[in-house]
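Visitor: Sharing work.txt, compact mmCIF, C-alpha atoms:
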```txt
# COMPACT_ATOMS: atom_id res chain seq x y z
CA MET A 1 -39.45 -136.21 15.32
CA SER A 2 -42.80 -135.72 13.62
CA ASN A 3 -42.81 -133.94 10.29
CA ARG A 4 -45.72 -133.42 7.91
CA LYS A 5 -45.21 -131.72 4.57
CA LEU A 6 -48.19 -130.11 2.78
CA ASN A 7 -47.65 -129.46 -0.92
CA LEU A 8 -49.37 -126.61 -2.73
CA GLU A 9 -51.41 -127.83 -5.69
CA LEU A 10 -50.39 -125.31 -8.31
CA ASP A 11 -53.12 -126.31 -10.75
CA THR A 12 -55.77 -125.13 -8.26
CA LEU A 13 -54.41 -121.60 -7.95
CA PRO A 14 -57.01 -119.06 -9.08
CA GLU A 15 -56.25 -116.16 -11.37
CA ILE A 16 -57.35 -112.86 -9.80
CA PRO A 17 -56.17 -110.03 -12.06
CA SER A 18 -58.69 -107.60 -10.61
CA ARG A 19 -57.22 -104.19 -9.86
CA LEU A 20 -57.44 -102.27 -6.61
CA LEU A 21 -58.37 -98.67 -7.41
CA TYR A 22 -58.58 -97.16 -3.92
CA ILE A 23 -59.41 -97.60 -0.27
CA SER A 24 -61.33 -94.94 1.64
CA SER A 25 -61.91 -94.69 5.36
CA SER A 26 -65.10 -92.82 6.27
CA LYS A 27 -66.96 -91.86 9.40
CA TYR A 28 -70.32 -90.12 9.25
CA GLU A 29 -70.26 -86.71 10.94
CA ASN A 30 -73.52 -85.07 9.78
CA ASP A 31 -71.64 -83.15 7.08
CA TRP A 32 -72.28 -85.45 4.13
CA THR A 33 -75.37 -85.58 1.96
CA SER A 34 -76.44 -89.08 0.98
CA PHE A 35 -77.63 -89.76 -2.55
CA LEU A 36 -77.88 -92.84 -4.73
CA HIS A 37 -74.94 -93.32 -7.08
CA SER A 38 -73.10 -96.09 -8.90
CA HIS A 39 -69.65 -96.92 -10.29
CA TYR A 40 -68.26 -98.84 -13.25
CA PHE A 41 -66.44 -101.13 -10.79
CA THR A 42 -67.27 -103.19 -7.68
CA GLU A 43 -67.12 -101.71 -4.17
CA ILE A 44 -66.44 -103.75 -1.02
CA PHE A 45 -67.62 -102.20 2.26
CA TYR A 46 -66.33 -103.27 5.66
CA ILE A 47 -68.17 -101.72 8.62
CA LYS A 48 -65.70 -101.04 11.45
CA GLY A 49 -68.31 -99.66 13.81
CA GLY A 50 -71.59 -97.82 14.18
CA VAL A 51 -75.07 -98.61 12.94
CA GLY A 52 -76.95 -97.72 9.78
CA TYR A 53 -78.05 -98.92 6.36
CA ILE A 54 -76.61 -99.45 2.93
CA GLN A 55 -79.38 -98.56 0.49
CA ILE A 56 -79.12 -100.66 -2.67
CA GLU A 57 -81.58 -99.52 -5.32
CA ASN A 58 -84.90 -99.50 -3.36
CA GLU A 59 -83.76 -101.86 -0.58
CA GLN A 60 -82.21 -100.82 2.74
CA ILE A 61 -79.73 -103.33 4.21
CA PRO A 62 -79.06 -102.92 7.96
CA VAL A 63 -75.34 -102.90 8.77
CA SER A 64 -73.26 -102.84 11.95
CA ALA A 65 -69.73 -103.66 13.06
CA ASN A 66 -68.01 -106.39 10.97
CA THR A 67 -70.68 -106.46 8.24
CA LEU A 68 -69.30 -106.89 4.72
CA VAL A 69 -71.24 -105.63 1.70
CA LEU A 70 -70.15 -106.23 -1.89
CA ILE A 71 -71.86 -104.02 -4.49
CA GLY A 72 -71.43 -104.64 -8.20
CA ALA A 73 -70.83 -102.23 -11.04
CA ARG A 74 -73.66 -99.87 -12.06
CA VAL A 75 -75.71 -100.76 -8.95
CA GLN A 76 -77.27 -97.66 -7.38
CA HIS A 77 -76.41 -97.38 -3.68
CA THR A 78 -75.71 -95.02 -0.81
CA GLU A 79 -74.84 -95.13 2.90
CA ILE A 80 -77.29 -94.01 5.60
CA SER A 81 -75.91 -93.60 9.13
CA ASN A 82 -77.55 -93.52 12.54
CA PRO A 83 -76.51 -90.06 13.85
CA SER A 84 -76.38 -91.28 17.45
CA ASP A 85 -74.06 -94.19 16.54
CA PRO A 86 -72.39 -93.09 13.29
CA LEU A 87 -71.08 -95.53 10.72
CA ASP A 88 -67.31 -95.96 10.54
CA TYR A 89 -66.20 -98.01 7.55
CA TYR A 90 -63.68 -98.87 4.84
CA VAL A 91 -64.54 -99.05 1.14
CA LEU A 92 -62.44 -100.71 -1.54
CA GLY A 93 -62.91 -99.88 -5.21
CA VAL A 94 -62.05 -102.97 -7.28
CA GLU A 95 -61.90 -102.98 -11.07
CA GLY A 96 -62.49 -106.14 -13.08
CA LEU A 97 -64.43 -108.08 -10.41
CA LYS A 98 -68.03 -109.23 -10.88
CA ILE A 99 -69.95 -110.75 -7.97
CA ASN A 100 -72.06 -113.78 -8.86
CA THR A 101 -75.41 -113.81 -7.10
CA ASP A 102 -78.89 -115.27 -7.46
CA ARG A 103 -80.36 -111.80 -6.91
CA SER A 104 -81.55 -109.66 -9.79
CA ILE A 105 -79.27 -106.92 -8.41
CA GLU A 106 -75.56 -107.64 -8.12
CA TYR A 107 -74.71 -107.42 -4.43
CA SER A 108 -73.89 -109.69 -1.52
CA VAL A 109 -74.04 -109.18 2.26
CA ILE A 110 -71.92 -111.11 4.73
CA ASN A 111 -73.27 -110.90 8.28
CA PRO A 112 -71.01 -109.86 11.17
CA SER A 113 -70.83 -113.38 12.63
CA ALA A 114 -69.20 -114.65 9.43
CA ALA A 115 -66.56 -111.94 9.15
CA SER A 116 -63.22 -112.89 10.68
CA PRO A 117 -60.45 -110.81 12.28
CA VAL A 118 -58.25 -111.79 9.31
CA ILE A 119 -60.67 -110.06 6.92
CA HIS A 120 -60.60 -106.94 9.08
CA GLN A 121 -56.81 -107.09 9.13
CA CYS A 122 -56.66 -107.18 5.31
CA PHE A 123 -58.50 -103.86 5.16
CA GLU A 124 -56.21 -102.42 7.85
CA ASN A 125 -53.12 -103.61 5.99
CA ILE A 126 -54.27 -102.16 2.67
CA HIS A 127 -55.09 -98.85 4.33
CA HIS A 128 -51.69 -98.79 6.05
CA GLU A 129 -49.81 -99.52 2.80
CA MET A 130 -51.81 -97.03 0.73
CA HIS A 131 -51.28 -94.33 3.36
CA GLY A 132 -47.52 -94.92 3.67
CA LYS A 133 -46.83 -95.49 -0.05
CA LYS A 134 -43.49 -97.14 0.67
CA GLN A 135 -41.58 -99.03 -2.00
CA GLY A 136 -43.62 -101.92 -3.39
CA TYR A 137 -46.86 -100.81 -1.70
CA ALA A 138 -48.97 -101.23 -4.87
CA GLU A 139 -47.93 -104.85 -5.35
CA ILE A 140 -48.45 -105.58 -1.65
CA CYS A 141 -51.96 -104.08 -1.76
CA GLN A 142 -52.82 -106.18 -4.79
CA HIS A 143 -51.76 -109.32 -2.93
CA TYR A 144 -53.83 -108.33 0.11
CA LEU A 145 -56.80 -107.81 -2.23
CA ALA A 146 -56.35 -111.32 -3.66
CA ILE A 147 -56.24 -112.76 -0.14
CA LEU A 148 -59.29 -110.76 0.90
CA ILE A 149 -61.36 -111.93 -2.07
CA GLN A 150 -60.55 -115.58 -1.34
CA LEU A 151 -61.39 -115.17 2.36
CA ILE A 152 -64.72 -113.56 1.50
CA CYS A 153 -65.55 -116.35 -0.95
CA ARG A 154 -64.68 -118.95 1.67
CA LYS A 155 -66.76 -117.31 4.40
CA ASP A 156 -70.10 -116.98 2.68
CA HIS A 157 -69.87 -119.10 -0.48
CA VAL A 158 -69.58 -115.96 -2.58
CA SER A 159 -68.24 -116.51 -6.08
CA TYR A 160 -66.94 -114.10 -8.65
CA GLU A 161 -65.86 -113.78 -12.25
CA LEU A 162 -63.41 -111.48 -13.96
CA VAL A 163 -64.49 -108.88 -16.48
CA ASP A 164 -62.54 -106.66 -18.84
CA MET A 165 -62.69 -102.92 -18.20
CA GLN A 166 -62.24 -100.52 -21.10
CA ASN A 167 -60.55 -97.12 -20.90
CA SER A 168 -63.82 -95.43 -21.88
CA SER A 169 -65.39 -96.80 -18.67
CA ARG A 170 -62.63 -95.22 -16.61
CA GLU A 171 -63.01 -91.85 -18.32
CA CYS A 172 -66.79 -91.89 -17.91
CA HIS A 173 -66.35 -92.77 -14.24
CA LYS A 174 -63.99 -89.82 -13.91
CA ALA A 175 -66.71 -87.56 -15.34
CA LYS A 176 -69.28 -89.12 -13.00
CA CYS A 177 -67.08 -88.58 -9.93
CA TYR A 178 -66.45 -85.01 -11.01
CA ILE A 179 -70.20 -84.39 -11.19
CA GLU A 180 -70.77 -85.91 -7.74
CA ALA A 181 -68.00 -83.80 -6.19
CA ASN A 182 -68.74 -80.52 -7.97
CA TYR A 183 -72.53 -80.48 -8.61
CA PRO A 184 -72.97 -77.03 -6.98
CA ASP A 185 -70.67 -75.51 -9.62
CA LYS A 186 -71.47 -74.48 -13.16
CA ILE A 187 -70.89 -77.65 -15.18
CA THR A 188 -71.39 -78.02 -18.91
CA LEU A 189 -70.82 -80.92 -21.27
CA SER A 190 -67.84 -79.05 -22.69
CA SER A 191 -66.23 -78.49 -19.27
CA LEU A 192 -66.76 -82.15 -18.36
CA ALA A 193 -65.21 -83.30 -21.63
CA ASP A 194 -62.22 -81.00 -21.12
CA ASN A 195 -61.74 -82.37 -17.61
CA CYS A 196 -61.62 -85.93 -19.01
CA ASN A 197 -59.61 -85.07 -22.14
CA LEU A 198 -62.41 -86.34 -24.38
CA THR A 199 -64.56 -84.73 -27.02
CA LYS A 200 -68.00 -83.83 -25.72
CA TYR A 201 -69.66 -86.00 -28.38
CA TYR A 202 -67.63 -89.07 -27.41
CA LEU A 203 -68.21 -88.47 -23.68
CA SER A 204 -71.95 -88.03 -24.17
CA HIS A 205 -72.24 -91.23 -26.23
CA LYS A 206 -70.10 -93.40 -23.95
CA PHE A 207 -71.58 -92.04 -20.72
CA SER A 208 -75.12 -92.72 -21.95
CA GLU A 209 -74.08 -96.18 -23.09
CA LEU A 210 -72.57 -96.99 -19.69
CA TYR A 211 -75.08 -95.35 -17.31
CA GLY A 212 -78.25 -95.11 -19.38
CA LYS A 213 -78.43 -91.31 -19.20
CA SER A 214 -76.50 -88.32 -20.48
CA PRO A 215 -73.90 -86.57 -18.29
CA ILE A 216 -76.12 -83.50 -17.94
CA SER A 217 -79.15 -85.64 -17.04
CA TYR A 218 -77.04 -87.29 -14.35
CA LEU A 219 -75.93 -83.88 -13.08
CA THR A 220 -79.60 -82.86 -12.73
CA GLU A 221 -80.39 -86.17 -11.01
CA VAL A 222 -77.62 -85.61 -8.44
CA ARG A 223 -78.73 -82.03 -7.78
CA ILE A 224 -82.35 -83.08 -7.27
CA SER A 225 -81.32 -85.97 -5.02
CA VAL A 226 -79.30 -83.63 -2.80
CA ALA A 227 -82.13 -81.08 -2.83
CA LYS A 228 -84.60 -83.73 -1.65
CA ASP A 229 -82.33 -84.58 1.27
CA LEU A 230 -82.01 -80.90 2.19
CA LEU A 231 -85.78 -80.39 1.96
CA LYS A 232 -86.26 -83.33 4.29
CA THR A 233 -83.53 -82.62 6.84
CA THR A 234 -83.14 -78.82 6.97
CA ASN A 235 -85.21 -75.65 7.19
CA HIS A 236 -83.31 -73.97 4.36
CA SER A 237 -85.43 -71.82 2.07
CA ILE A 238 -86.15 -72.88 -1.50
CA GLU A 239 -83.82 -70.12 -2.70
CA GLU A 240 -81.00 -71.38 -0.48
CA ILE A 241 -81.45 -74.98 -1.61
CA ALA A 242 -81.54 -73.95 -5.26
CA SER A 243 -78.27 -72.05 -4.86
CA THR A 244 -76.61 -74.79 -2.78
CA THR A 245 -77.38 -77.48 -5.36
CA GLY A 246 -76.20 -75.52 -8.40
CA PHE A 247 -79.43 -74.30 -9.98
CA SER A 248 -79.24 -70.88 -11.63
CA SER A 249 -82.47 -69.69 -9.99
CA SER A 250 -85.15 -70.84 -7.57
CA SER A 251 -87.76 -70.77 -10.34
CA TYR A 252 -85.67 -73.08 -12.54
CA PHE A 253 -85.07 -75.35 -9.55
CA SER A 254 -88.81 -75.53 -8.78
CA GLN A 255 -89.63 -76.18 -12.43
CA THR A 256 -87.07 -78.99 -12.67
CA PHE A 257 -88.11 -80.49 -9.32
CA GLN A 258 -91.77 -80.51 -10.41
CA LYS A 259 -90.90 -82.20 -13.68
CA ILE A 260 -88.85 -84.97 -12.08
CA CYS A 261 -90.69 -85.51 -8.79
CA LYS A 262 -94.22 -84.71 -9.99
CA MET A 263 -94.68 -82.24 -7.13
CA SER A 264 -93.28 -78.90 -6.00
CA PRO A 265 -90.38 -78.65 -3.53
CA GLN A 266 -92.79 -77.18 -0.97
CA GLN A 267 -95.18 -80.12 -1.35
CA TYR A 268 -92.33 -82.60 -1.07
CA ARG A 269 -91.16 -80.98 2.18
CA LYS A 270 -94.72 -81.01 3.53
CA ASN A 271 -95.16 -84.69 2.67
CA GLN A 272 -91.88 -85.60 4.36
CA SER A 273 -92.84 -83.69 7.50
CA ALA A 274 -96.17 -85.51 7.61
CA ASP A 275 -94.41 -88.89 7.40
CA THR A 276 -92.16 -88.23 10.40
```
I need this file expressed as structure tokens, please.

Guide:
Amino acid sequence: MSNRKLNLELDTLPEIPSRLLYISSSKYENDWTSFLHSHYFTEIFYIKGGVGYIQIENEQIPVSANTLVLIGARVQHTEISNPSDPLDYYVLGVEGLKINTDRSIEYSVINPSAASPVIHQCFENIHHEMHGKKQGYAEICQHYLAILIQLICRKDHVSYELVDMQNSSRECHKAKCYIEANYPDKITLSSLADNCNLTKYYLSHKFSELYGKSPISYLTEVRISVAKDLLKTTNHSIEEIASTTGFSSSSYFSQTFQKICKMSPQQYRKNQSADT
């Protein structure tokens, strides 16, 4: 009989106390407006199918089936899908994980040829556990996350470090997500603070410290970003776009657009039409 015993070297075990926040499964269906945004935590994208781009700051990264993209905290990004072959993907939100990279912007791309079926299966398993929420699912998902991180690091020589996340970061992220989901509504600093159970002065200070702009400035930025996409991709009137994006009037929308974009909404639409 042949027997070979392989001992686990306990002193080489890594510590990975990063926390899984969520997994989302998305497929582009022409009903979602793309705009640049960021988070206080790292996101890990796994493209299941389709073709498109992940825009990271001013760079567009082509993605297709089995591509992995890791995007660090506070890095502006968005997803852009090919309508004829829409993107279908998973996204993990991971707190406490920092991607080490030689780039000036914290992100890493692992090409499809390097991604293994085991990596895909980790995403599937996490999604299955999070959907079912059976006993022990949270601990199981955390273990799958630890496995996934090690597999990613092995595949493309990615390295990481652990960072401490403060409660204020979580609350500011909650305010940021609320803005992104509810920008058409009437939002004030007071209503945001109430939603996060913070004082408006504390929220304003911490939000600006974390994202480099006030909550209301970010709200305006989101509204203008969505308006630009609508001007480019639809024939909606200026009045309709102003109302859709949460501006109190078309004149205030045009005034704000001019101030930020250095041109009127009409001129922006004309320029975009000329470029296509």

Visitor: Give me, as a VMD selection string, all polymer residues having an atom no more than 10 Å from segment 174-178 of chain A, counting only C-alpha atoms and skipping those fewer than 6 positions away in the same chain.

Guide: chain A and resid 37 to 40 168 187 189 191 to 196 203 207 211 215 218 to 219

Visitor: For Thr233 of chain A, list every protein, DNA or RNA residue within 10 Å, evaluated using all atoms listed in the file, and leave out those in the same chain fewer than 6 positions away; present the list as a CSV table (one decimal) with C-alpha atoms, in the frame of the given file.

Guide:
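Resulting contents of around-v1.csv:
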```
chain,number,residue,atom,x,y,z
A,33,THR,CA,-75.4,-85.6,2.0
A,227,ALA,CA,-82.1,-81.1,-2.8
A,269,ARG,CA,-91.2,-81.0,2.2
A,272,GLN,CA,-91.9,-85.6,4.4
A,273,SER,CA,-92.8,-83.7,7.5
```

Visitor: In Å, rounded to a single decimal, give me how far atom CA of Ile110 of chain A is from atom CA of Ile80 of chain A.

Guide: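 A separation of 17.9 Å between them.
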
Visitor: Which residues, written as a ChimeraX atom specification, have at least one atom at most 7 Å from segment 43-56 of chain A, with only C-alpha atoms counted and residues fewer than 5 positions away on the same chain left out?

Guide: /A:61-72,76-82,85-94

Visitor: Name the closest residue to His128 of chain A among the candidates A:Ile23, A:Cys172, A:Ile99, A:Ile241; distances are taken between atoms, counting all atoms listed in the file.

Guide: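 Result for the nearest residue to His128 of chain A: A:Ile23.
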
Visitor: Nearest to Leu198 of chain A: which of A:Glu171, A:Leu230, A:Thr245, A:Ser254 is it, counting all atoms listed in the file?

Guide: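 Of the candidates, the smallest distance to Leu198 of chain A is held by A:Glu171.
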
Visitor: Need to verify the contact set: Cys141 of chain A, 12 Å, only C-alpha atoms, exclusion of same-chain residues closer than 2 positions in sequence. Can you return it as an MDAnalysis selection string?

Guide: chainID A and resid 18:23 92 94 122:139 143:148

Visitor: Work out how far apart atom CA of Gly96 of chain A and atom CA of Phe41 of chain A are and give it in Å to one decimal.

Guide: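 Interatomic distance here is 6.8 Å.
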
Visitor: What separation in Å, quoted to one decimal, exists between atom CA of Ser243 of chain A and atom CA of Gln267 of chain A?

Guide: 19.1 Å

Visitor: I'd like the contact shell of Ser249 of chain A - 10 Å cut-off, all atoms listed in the file, skipping same-chain residues fewer than 6 positions apart - returned as a PyMOL selection string.

Guide: chain A and resi 238-243+255

Visitor: Could the residues in this selection be written to a file with C-alpha atoms, as a compact mmCIF listing (two decimals), in the frame of the given file?

Guide:
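Saved as part.txt:
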```
# COMPACT_ATOMS: atom_id res chain seq x y z
CA ILE A 238 -86.15 -72.88 -1.50
CA GLU A 239 -83.82 -70.12 -2.70
CA GLU A 240 -81.00 -71.38 -0.48
CA ILE A 241 -81.45 -74.98 -1.61
CA ALA A 242 -81.54 -73.95 -5.26
CA SER A 243 -78.27 -72.05 -4.86
CA GLN A 255 -89.63 -76.18 -12.43
```

Visitor: I'd like to know which of A:Gln150, A:Glu95, A:Pro184, A:Glu221 is closest to Arg170 of chain A, using all atoms listed in the file.

Guide: A:Glu95

Visitor: Which residue is closest to Tyr252 of chain A? Choose from A:Ala274, A:Val118, A:Ile224, A:Ile179 and count all atoms listed in the file.

Guide: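 Looking only at the distances to Tyr252 of chain A, the closest residue turns out to be A:Ile224.
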
Visitor: Would you please work out which residue, of A:Cys261, A:Pro117, A:Tyr268, A:Asp102, is nearest to Lys232 of chain A when using all atoms listed in the file?

Guide: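 Looking at the shortest contact to Lys232 of chain A, the residue is A:Tyr268.
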
Visitor: So, counting all atoms listed in the file, which residue among A:Val222, A:Ile140, A:Met263, A:Leu231 is closest to Leu36 of chain A?

Guide: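 Checking each candidate against Leu36 of chain A, we get A:Val222 as the closest.
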
Visitor: Can you sort out the box for segment 223-230 of chain A, edges along x, y and z, all listed atoms in, 8 Å on every side, with centre and edge lengths in Å to one decimal, as JSON?

Guide:
```
{"center_x": -81.7, "center_y": -83.4, "center_z": -2.8, "size_x": 21.9, "size_y": 21.1, "size_z": 26.0}
```
